[in-house]
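Visitor: One structure follows; several queries about it will come next.
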Amino acid sequence: MSNSFKGLKYALTLGSDPQNFLGKWWIPAVLKKLPKAKRRKWALRVLSLSPHYFFGDDPGEKTLDENLEVRYQDGLRSRKKICGLVLSDVLKETDVVLDYGCGPGFLAVNAAARVKQLYACDISVGALACAEIINPAPNLTYVRADENGMAAIPDASIDVAYSFAVIQHLTDETFEHVLANCGRKVRPGGKLVLHIQLSDEIWKSEDEWRSDTSVKGKLKFRYGLHCFGRTAEHHRELVEKYGFTDIRIEPLAAEVAAELNGTKAEAILFATRA
Ligand SMILES: C[S@@+](CC[C@H](N)C(=O)[O-])C[C@H]1O[C@@H](n2cnc3c(N)ncnc32)[C@H](O)[C@@H]1O
């Protein structure tokens, strides 16, 4: 696909804040107006406009919609595997759970099947609108990760908050905002489970991204789907600052990493709300 077409897709769908793919107001408005029978097909088409959601552009022998259906099934399969391998030991049937940065809801819908109630939040109104259509469940509530959306979740009501494929896309400032929300919503004794990216030779740090002052570098930093590596120590400091303790960082099993970025520096951080 040409860069100018990619640029046009971003401009049409990117929300006003950085990293808010499919954040434009028109996406939920248009999906809502469609007849119910057409919503799923269009939700998958909308998701294919974003670089975030694992829907490629290469239909091969298949039609676009057939290809998107395959990608949908693969999203469910992938997140079911992560749920089974990483979250099954943490989640209990009686738990109220928060999925932070749920995207199209593949992990949320799998995790919801294991718990009493699940809130799934995201900054992208478009991703949330698609998630509501393609990955609904009776005990699953999608909310915006802003002040109004988070107000729907009572403080100290969450037994487990988890986040996958999100933290490494955030600047420290945004990561701290996420941690502040988790610190407020998770009850004392509740758990935090974060998929993180440790520093390695592949991922640039936030400082390295910021020091690239070329136009391309600046545009990529603001609008691109970039990743930041952080040291284990830096993750610990930030998580501790927001009231979590007993912090443990474990390497990600290769089987799970294969469903994510597939790097050796991926890890899972477990912590308990003090
Ligand atoms: C790569 S997707 C991962 C989706 C999902 N967690 C998964 O693993 O399938 C990253 C998601 O994080 C969301 N996100 C980015 N910044 C966020 C923030 N500050 N608060 C909440 N969600 C955020 C994006 O909108 C996007 O949907």
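Each chain in the structure tokens gets a letter, A, B and so on, in the order shown; residues start at 1 in every chain, and ligands are counted from 1 in the order they appear.
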Can you tell me, as a short mmCIF file (atom, residue, chain, number, x, y, z; two decimals) with N, CA and C atoms, in the first residue's frame, what residues are no more than 8 Å from region 223-233 of chain A when counting only C-alpha atoms, ignoring any on the same chain fewer than 5 positions away?
Guide:
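Once written, around.cif looks like this:
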data_model
loop_
_atom_site.label_atom_id
_atom_site.label_comp_id
_atom_site.auth_asym_id
_atom_site.auth_seq_id
_atom_site.Cartn_x
_atom_site.Cartn_y
_atom_site.Cartn_z
N PRO A 18 -2.42 11.74 20.49
CA PRO A 18 -1.50 10.78 19.88
C PRO A 18 -1.90 9.34 20.21
N GLN A 19 -1.61 8.42 19.31
CA GLN A 19 -1.85 6.98 19.53
C GLN A 19 -3.34 6.62 19.61
N PRO A 51 -3.43 0.32 12.17
CA PRO A 51 -2.27 -0.57 12.27
C PRO A 51 -2.26 -1.37 13.57
N HIS A 52 -3.19 -1.08 14.49
CA HIS A 52 -3.15 -1.67 15.82
C HIS A 52 -3.72 -3.08 15.91
N GLN A 168 3.77 -0.71 26.30
CA GLN A 168 4.97 -0.37 25.51
C GLN A 168 4.71 0.70 24.46
N HIS A 169 3.43 1.03 24.22
CA HIS A 169 3.12 2.11 23.28
C HIS A 169 2.98 3.46 23.99
N LEU A 170 3.08 3.47 25.31
CA LEU A 170 2.79 4.69 26.07
C LEU A 170 4.05 5.42 26.51
N THR A 171 3.98 6.75 26.52
CA THR A 171 5.06 7.54 27.13
C THR A 171 4.95 7.34 28.65
N GLN A 197 7.47 -4.36 27.94
CA GLN A 197 8.60 -4.53 27.03
C GLN A 197 9.84 -4.02 27.75
N LEU A 198 10.76 -4.92 28.08
CA LEU A 198 11.99 -4.47 28.73
C LEU A 198 12.93 -3.90 27.67
N SER A 199 13.89 -3.08 28.12
CA SER A 199 14.83 -2.47 27.17
C SER A 199 15.63 -3.56 26.47
N ASP A 200 15.86 -3.38 25.21
CA ASP A 200 16.77 -4.28 24.48
C ASP A 200 17.36 -3.51 23.31
N TRP A 203 14.23 -2.08 20.69
CA TRP A 203 13.29 -0.98 20.96
C TRP A 203 14.02 0.26 21.41
N LYS A 204 13.61 1.41 20.86
CA LYS A 204 14.17 2.68 21.33
C LYS A 204 13.53 3.04 22.66
N SER A 205 14.26 3.77 23.48
CA SER A 205 13.67 4.28 24.72
C SER A 205 12.88 5.55 24.36
N GLU A 206 12.09 6.04 25.32
CA GLU A 206 11.34 7.28 25.07
C GLU A 206 12.31 8.43 24.80
N ILE A 249 8.64 -9.53 38.13
CA ILE A 249 8.67 -9.44 36.67
C ILE A 249 9.19 -10.77 36.12
#
Visitor: Per DSSP on the backbone, filter region 11-246 of chain A down to the residues in strand (DSSP E or B) and report them as a ChimeraX atom specification.
Guide: /A:96-100,117-122,140-144,158-163,186-198,230,244-246
Visitor: Write out as a ChimeraX atom specification which residues come within 6 Å of Asp122 (chain A) when counting only C-alpha atoms, dropping same-chain ones fewer than 6 positions away.
Guide: /A:101-102,144-145
Visitor: I need the chosen residues saved as a PDB file, in the first residue's frame, with N, CA and C atoms.
Guide:
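And here is the file that came out, again_28.pdb:
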ATOM      1  N   GLY A 101      -6.978  -0.884  27.920  1.00  0.00           N
ATOM      2  CA  GLY A 101      -6.523  -0.824  26.517  1.00  0.00           C
ATOM      3  C   GLY A 101      -7.003  -2.063  25.776  1.00  0.00           C
ATOM      4  N   CYS A 102      -8.328  -2.253  25.805  1.00  0.00           N
ATOM      5  CA  CYS A 102      -8.908  -3.522  25.315  1.00  0.00           C
ATOM      6  C   CYS A 102      -8.936  -3.633  23.797  1.00  0.00           C
ATOM      7  N   ARG A 144     -14.997   4.171  27.976  1.00  0.00           N
ATOM      8  CA  ARG A 144     -13.874   5.008  27.531  1.00  0.00           C
ATOM      9  C   ARG A 144     -12.894   5.204  28.679  1.00  0.00           C
ATOM     10  N   ALA A 145     -11.616   5.228  28.327  1.00  0.00           N
ATOM     11  CA  ALA A 145     -10.588   5.397  29.362  1.00  0.00           C
ATOM     12  C   ALA A 145     -10.383   6.882  29.652  1.00  0.00           C
TER      13      ALA A 145
END
Visitor: Ranking A:Ile268, A:Ala108, A:Leu64, A:Leu34 by minimum distance to Leu192 (chain A) and counting only C-alpha atoms, which one comes first?
Guide: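 Closest residue, counting only C-alpha atoms: A:Ile268.
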Visitor: Could you list, as a PDB file with N, CA and C atoms, in the first residue's frame, all protein and nucleic acid residues with an atom at most 8 Å from ligand 1, counting only C-alpha atoms and all ligand atoms?
Guide:
ATOM      1  N   GLN A  19      -1.608   8.423  19.314  1.00  0.00           N
ATOM      2  CA  GLN A  19      -1.852   6.985  19.530  1.00  0.00           C
ATOM      3  C   GLN A  19      -3.335   6.617  19.609  1.00  0.00           C
ATOM      4  N   ASN A  20      -4.211   7.580  19.267  1.00  0.00           N
ATOM      5  CA  ASN A  20      -5.632   7.264  19.372  1.00  0.00           C
ATOM      6  C   ASN A  20      -6.152   6.815  18.005  1.00  0.00           C
ATOM      7  N   PHE A  21      -5.748   5.612  17.621  1.00  0.00           N
ATOM      8  CA  PHE A  21      -6.155   5.072  16.322  1.00  0.00           C
ATOM      9  C   PHE A  21      -7.652   4.771  16.353  1.00  0.00           C
ATOM     10  N   LEU A  22      -8.315   5.045  15.269  1.00  0.00           N
ATOM     11  CA  LEU A  22      -9.776   4.901  15.169  1.00  0.00           C
ATOM     12  C   LEU A  22     -10.493   5.759  16.217  1.00  0.00           C
ATOM     13  N   GLY A  23      -9.843   6.887  16.585  1.00  0.00           N
ATOM     14  CA  GLY A  23     -10.419   7.730  17.634  1.00  0.00           C
ATOM     15  C   GLY A  23     -11.371   8.793  17.114  1.00  0.00           C
ATOM     16  N   HIS A  52      -3.195  -1.081  14.490  1.00  0.00           N
ATOM     17  CA  HIS A  52      -3.155  -1.673  15.823  1.00  0.00           C
ATOM     18  C   HIS A  52      -3.722  -3.077  15.911  1.00  0.00           C
ATOM     19  N   TYR A  53      -4.636  -3.401  15.035  1.00  0.00           N
ATOM     20  CA  TYR A  53      -5.544  -4.485  15.391  1.00  0.00           C
ATOM     21  C   TYR A  53      -5.387  -5.780  14.613  1.00  0.00           C
ATOM     22  N   GLY A  75      -7.752 -13.487  15.891  1.00  0.00           N
ATOM     23  CA  GLY A  75      -7.699 -12.612  17.071  1.00  0.00           C
ATOM     24  C   GLY A  75      -8.269 -13.334  18.290  1.00  0.00           C
ATOM     25  N   ARG A  79      -5.959 -14.469  21.609  1.00  0.00           N
ATOM     26  CA  ARG A  79      -6.228 -13.950  22.956  1.00  0.00           C
ATOM     27  C   ARG A  79      -6.749 -15.041  23.892  1.00  0.00           C
ATOM     28  N   ASP A  99      -9.894  -4.656  32.019  1.00  0.00           N
ATOM     29  CA  ASP A  99      -8.963  -4.828  30.892  1.00  0.00           C
ATOM     30  C   ASP A  99      -8.604  -3.420  30.432  1.00  0.00           C
ATOM     31  N   TYR A 100      -7.321  -3.045  30.554  1.00  0.00           N
ATOM     32  CA  TYR A 100      -6.916  -1.669  30.226  1.00  0.00           C
ATOM     33  C   TYR A 100      -6.324  -1.622  28.822  1.00  0.00           C
ATOM     34  N   GLY A 101      -6.978  -0.884  27.920  1.00  0.00           N
ATOM     35  CA  GLY A 101      -6.523  -0.824  26.517  1.00  0.00           C
ATOM     36  C   GLY A 101      -7.003  -2.063  25.776  1.00  0.00           C
ATOM     37  N   CYS A 102      -8.328  -2.253  25.805  1.00  0.00           N
ATOM     38  CA  CYS A 102      -8.908  -3.522  25.315  1.00  0.00           C
ATOM     39  C   CYS A 102      -8.936  -3.633  23.797  1.00  0.00           C
ATOM     40  N   GLY A 103      -8.790  -2.495  23.073  1.00  0.00           N
ATOM     41  CA  GLY A 103      -8.884  -2.565  21.610  1.00  0.00           C
ATOM     42  C   GLY A 103     -10.202  -3.198  21.197  1.00  0.00           C
ATOM     43  N   PRO A 104     -10.190  -4.104  20.204  1.00  0.00           N
ATOM     44  CA  PRO A 104     -11.443  -4.694  19.710  1.00  0.00           C
ATOM     45  C   PRO A 104     -12.036  -5.775  20.614  1.00  0.00           C
ATOM     46  N   GLY A 105     -11.438  -5.984  21.806  1.00  0.00           N
ATOM     47  CA  GLY A 105     -12.082  -6.820  22.818  1.00  0.00           C
ATOM     48  C   GLY A 105     -11.841  -8.322  22.727  1.00  0.00           C
ATOM     49  N   PHE A 106     -10.840  -8.743  21.961  1.00  0.00           N
ATOM     50  CA  PHE A 106     -10.616 -10.199  21.847  1.00  0.00           C
ATOM     51  C   PHE A 106     -10.217 -10.823  23.191  1.00  0.00           C
ATOM     52  N   LEU A 107      -9.332 -10.135  23.917  1.00  0.00           N
ATOM     53  CA  LEU A 107      -8.913 -10.681  25.220  1.00  0.00           C
ATOM     54  C   LEU A 107     -10.038 -10.502  26.233  1.00  0.00           C
ATOM     55  N   CYS A 121     -11.621  -1.011  29.019  1.00  0.00           N
ATOM     56  CA  CYS A 121     -11.538   0.406  28.655  1.00  0.00           C
ATOM     57  C   CYS A 121     -10.511   0.639  27.561  1.00  0.00           C
ATOM     58  N   ASP A 122     -10.709   1.723  26.823  1.00  0.00           N
ATOM     59  CA  ASP A 122      -9.784   2.094  25.759  1.00  0.00           C
ATOM     60  C   ASP A 122      -9.966   3.585  25.486  1.00  0.00           C
ATOM     61  N   ILE A 123      -8.906   4.234  24.967  1.00  0.00           N
ATOM     62  CA  ILE A 123      -9.061   5.649  24.597  1.00  0.00           C
ATOM     63  C   ILE A 123      -9.764   5.806  23.256  1.00  0.00           C
ATOM     64  N   SER A 124      -9.793   4.766  22.450  1.00  0.00           N
ATOM     65  CA  SER A 124     -10.303   4.906  21.081  1.00  0.00           C
ATOM     66  C   SER A 124     -11.806   4.627  21.018  1.00  0.00           C
ATOM     67  N   ALA A 127     -12.449   1.908  18.339  1.00  0.00           N
ATOM     68  CA  ALA A 127     -12.139   0.533  18.755  1.00  0.00           C
ATOM     69  C   ALA A 127     -13.238   0.021  19.690  1.00  0.00           C
ATOM     70  N   ARG A 144     -14.997   4.171  27.976  1.00  0.00           N
ATOM     71  CA  ARG A 144     -13.874   5.008  27.531  1.00  0.00           C
ATOM     72  C   ARG A 144     -12.894   5.204  28.679  1.00  0.00           C
ATOM     73  N   ALA A 145     -11.616   5.228  28.327  1.00  0.00           N
ATOM     74  CA  ALA A 145     -10.588   5.397  29.362  1.00  0.00           C
ATOM     75  C   ALA A 145     -10.383   6.882  29.652  1.00  0.00           C
ATOM     76  N   ASP A 146     -11.501   7.620  29.777  1.00  0.00           N
ATOM     77  CA  ASP A 146     -11.384   9.023  30.172  1.00  0.00           C
ATOM     78  C   ASP A 146     -12.127   9.197  31.494  1.00  0.00           C
ATOM     79  N   SER A 163      -3.369  -5.611  31.459  1.00  0.00           N
ATOM     80  CA  SER A 163      -3.202  -4.870  30.216  1.00  0.00           C
ATOM     81  C   SER A 163      -2.182  -5.588  29.331  1.00  0.00           C
ATOM     82  N   PHE A 164      -2.580  -5.843  28.106  1.00  0.00           N
ATOM     83  CA  PHE A 164      -1.687  -6.527  27.154  1.00  0.00           C
ATOM     84  C   PHE A 164      -1.519  -5.695  25.889  1.00  0.00           C
ATOM     85  N   ALA A 165      -0.269  -5.633  25.413  1.00  0.00           N
ATOM     86  CA  ALA A 165       0.072  -4.943  24.156  1.00  0.00           C
ATOM     87  C   ALA A 165      -0.305  -3.468  24.199  1.00  0.00           C
ATOM     88  N   VAL A 166      -0.161  -2.865  25.368  1.00  0.00           N
ATOM     89  CA  VAL A 166      -0.522  -1.452  25.522  1.00  0.00           C
ATOM     90  C   VAL A 166       0.640  -0.634  26.102  1.00  0.00           C
ATOM     91  N   ILE A 167       1.165  -1.084  27.247  1.00  0.00           N
ATOM     92  CA  ILE A 167       2.114  -0.263  28.018  1.00  0.00           C
ATOM     93  C   ILE A 167       3.313   0.168  27.171  1.00  0.00           C
ATOM     94  N   HIS A 169       3.429   1.026  24.224  1.00  0.00           N
ATOM     95  CA  HIS A 169       3.118   2.109  23.280  1.00  0.00           C
ATOM     96  C   HIS A 169       2.981   3.459  23.990  1.00  0.00           C
ATOM     97  N   LEU A 170       3.084   3.465  25.313  1.00  0.00           N
ATOM     98  CA  LEU A 170       2.786   4.686  26.075  1.00  0.00           C
ATOM     99  C   LEU A 170       4.047   5.418  26.512  1.00  0.00           C
ATOM    100  N   THR A 174       1.841   9.039  30.076  1.00  0.00           N
ATOM    101  CA  THR A 174       0.571   8.316  29.896  1.00  0.00           C
ATOM    102  C   THR A 174       0.551   7.044  30.735  1.00  0.00           C
ATOM    103  N   PHE A 175       1.688   6.366  30.814  1.00  0.00           N
ATOM    104  CA  PHE A 175       1.771   5.152  31.648  1.00  0.00           C
ATOM    105  C   PHE A 175       1.402   5.512  33.094  1.00  0.00           C
ATOM    106  N   HIS A 177      -0.504   7.884  34.073  1.00  0.00           N
ATOM    107  CA  HIS A 177      -1.950   8.142  34.130  1.00  0.00           C
ATOM    108  C   HIS A 177      -2.715   6.805  34.242  1.00  0.00           C
ATOM    109  N   VAL A 178      -2.276   5.820  33.463  1.00  0.00           N
ATOM    110  CA  VAL A 178      -2.889   4.476  33.507  1.00  0.00           C
ATOM    111  C   VAL A 178      -2.714   3.880  34.906  1.00  0.00           C
ATOM    112  N   LEU A 260       2.289 -11.983  20.638  1.00  0.00           N
ATOM    113  CA  LEU A 260       2.412 -10.541  20.876  1.00  0.00           C
ATOM    114  C   LEU A 260       3.504 -10.015  19.947  1.00  0.00           C
TER     115      LEU A 260
END
Visitor: Closest to Leu252 (chain A) among A:Ala156, A:Val109, A:Leu85, A:Ile133, using only C-alpha atoms?
Guide: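 For Leu252 (chain A), the nearest of the given residues is A:Leu85.
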Visitor: Quick check for you: according to DSSP on this backbone, which residues of region 54-121 of chain A are classed as helix (DSSP H, G or I)? Reply as a PyMOL selection string.
Guide: chain A and resi 64-87+106-112
Visitor: Selection from above, C-alpha atoms, as a PDB file, in the first residue's frame, can you write it?
Guide:
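Output (result_1.pdb):
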ATOM      1  CA  LEU A  64     -11.709  -8.664   1.768  1.00  0.00           C
ATOM      2  CA  ASP A  65     -14.600  -9.754   4.004  1.00  0.00           C
ATOM      3  CA  GLU A  66     -13.567 -13.413   3.972  1.00  0.00           C
ATOM      4  CA  ASN A  67     -10.043 -12.345   4.909  1.00  0.00           C
ATOM      5  CA  LEU A  68     -11.322 -10.163   7.751  1.00  0.00           C
ATOM      6  CA  GLU A  69     -13.361 -13.078   9.087  1.00  0.00           C
ATOM      7  CA  VAL A  70     -10.167 -15.199   9.167  1.00  0.00           C
ATOM      8  CA  ARG A  71      -8.367 -12.396  11.023  1.00  0.00           C
ATOM      9  CA  TYR A  72     -11.252 -12.136  13.478  1.00  0.00           C
ATOM     10  CA  GLN A  73     -11.055 -15.857  14.258  1.00  0.00           C
ATOM     11  CA  ASP A  74      -7.293 -15.535  14.645  1.00  0.00           C
ATOM     12  CA  GLY A  75      -7.699 -12.612  17.071  1.00  0.00           C
ATOM     13  CA  LEU A  76     -10.013 -14.740  19.205  1.00  0.00           C
ATOM     14  CA  ARG A  77      -7.682 -17.742  19.046  1.00  0.00           C
ATOM     15  CA  SER A  78      -4.624 -15.675  19.953  1.00  0.00           C
ATOM     16  CA  ARG A  79      -6.228 -13.950  22.956  1.00  0.00           C
ATOM     17  CA  LYS A  80      -7.828 -17.204  24.168  1.00  0.00           C
ATOM     18  CA  LYS A  81      -4.335 -18.660  24.296  1.00  0.00           C
ATOM     19  CA  ILE A  82      -2.954 -15.685  26.250  1.00  0.00           C
ATOM     20  CA  CYS A  83      -5.921 -15.868  28.593  1.00  0.00           C
ATOM     21  CA  GLY A  84      -5.326 -19.574  29.227  1.00  0.00           C
ATOM     22  CA  LEU A  85      -1.549 -19.329  29.622  1.00  0.00           C
ATOM     23  CA  VAL A  86      -1.167 -16.080  31.569  1.00  0.00           C
ATOM     24  CA  LEU A  87      -4.467 -15.037  33.149  1.00  0.00           C
ATOM     25  CA  PHE A 106     -10.616 -10.199  21.847  1.00  0.00           C
ATOM     26  CA  LEU A 107      -8.913 -10.681  25.220  1.00  0.00           C
ATOM     27  CA  ALA A 108     -11.773  -9.051  27.125  1.00  0.00           C
ATOM     28  CA  VAL A 109     -14.401 -11.426  25.724  1.00  0.00           C
ATOM     29  CA  ASN A 110     -12.226 -14.444  26.567  1.00  0.00           C
ATOM     30  CA  ALA A 111     -11.456 -13.198  30.080  1.00  0.00           C
ATOM     31  CA  ALA A 112     -15.134 -12.308  30.682  1.00  0.00           C
TER      32      ALA A 112
END
Visitor: Using only C-alpha atoms, which residue out of A:Ile247, A:Val30, A:Leu47, A:Val96 lies closest to Ala274 (chain A)?
Guide: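 Once distances to Ala274 (chain A) are computed over only C-alpha atoms, the minimum belongs to A:Ile247.
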Visitor: Restricting the calculation to only C-alpha atoms: of A:Arg210, A:Lys41, A:Lys220, A:Lys191, which residue gets closest to Asp246 (chain A)?
Guide: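 Closest to Asp246 (chain A), using only C-alpha atoms: A:Lys191.
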Visitor: Closest to Arg40 (chain A) among A:Leu219, A:Val160, A:Ala265, A:Ala129, using only C-alpha atoms?
Guide: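 Under the stated criterion, the closest residue is A:Ala129.
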Visitor: Which of these residues is nearest to Glu173 (chain A), using only C-alpha atoms: A:Ala271, A:Leu238, A:Ala258, A:Val97?
Guide: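 Selected residue with least distance to Glu173 (chain A): A:Leu238.
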Visitor: What does the distance from CA of Leu194 (chain A) to CA of Leu269 (chain A) come to in Å, to one decimal?
Guide: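 These two atoms are separated by 5.0 Å.
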Visitor: Using Å and a single decimal, report how far CA of His195 (chain A) sits from CA of Glu266 (chain A).
Guide: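 Taking CA of Glu266 (chain A) as the start and CA of His195 (chain A) as the end point, the length is 7.3 Å.
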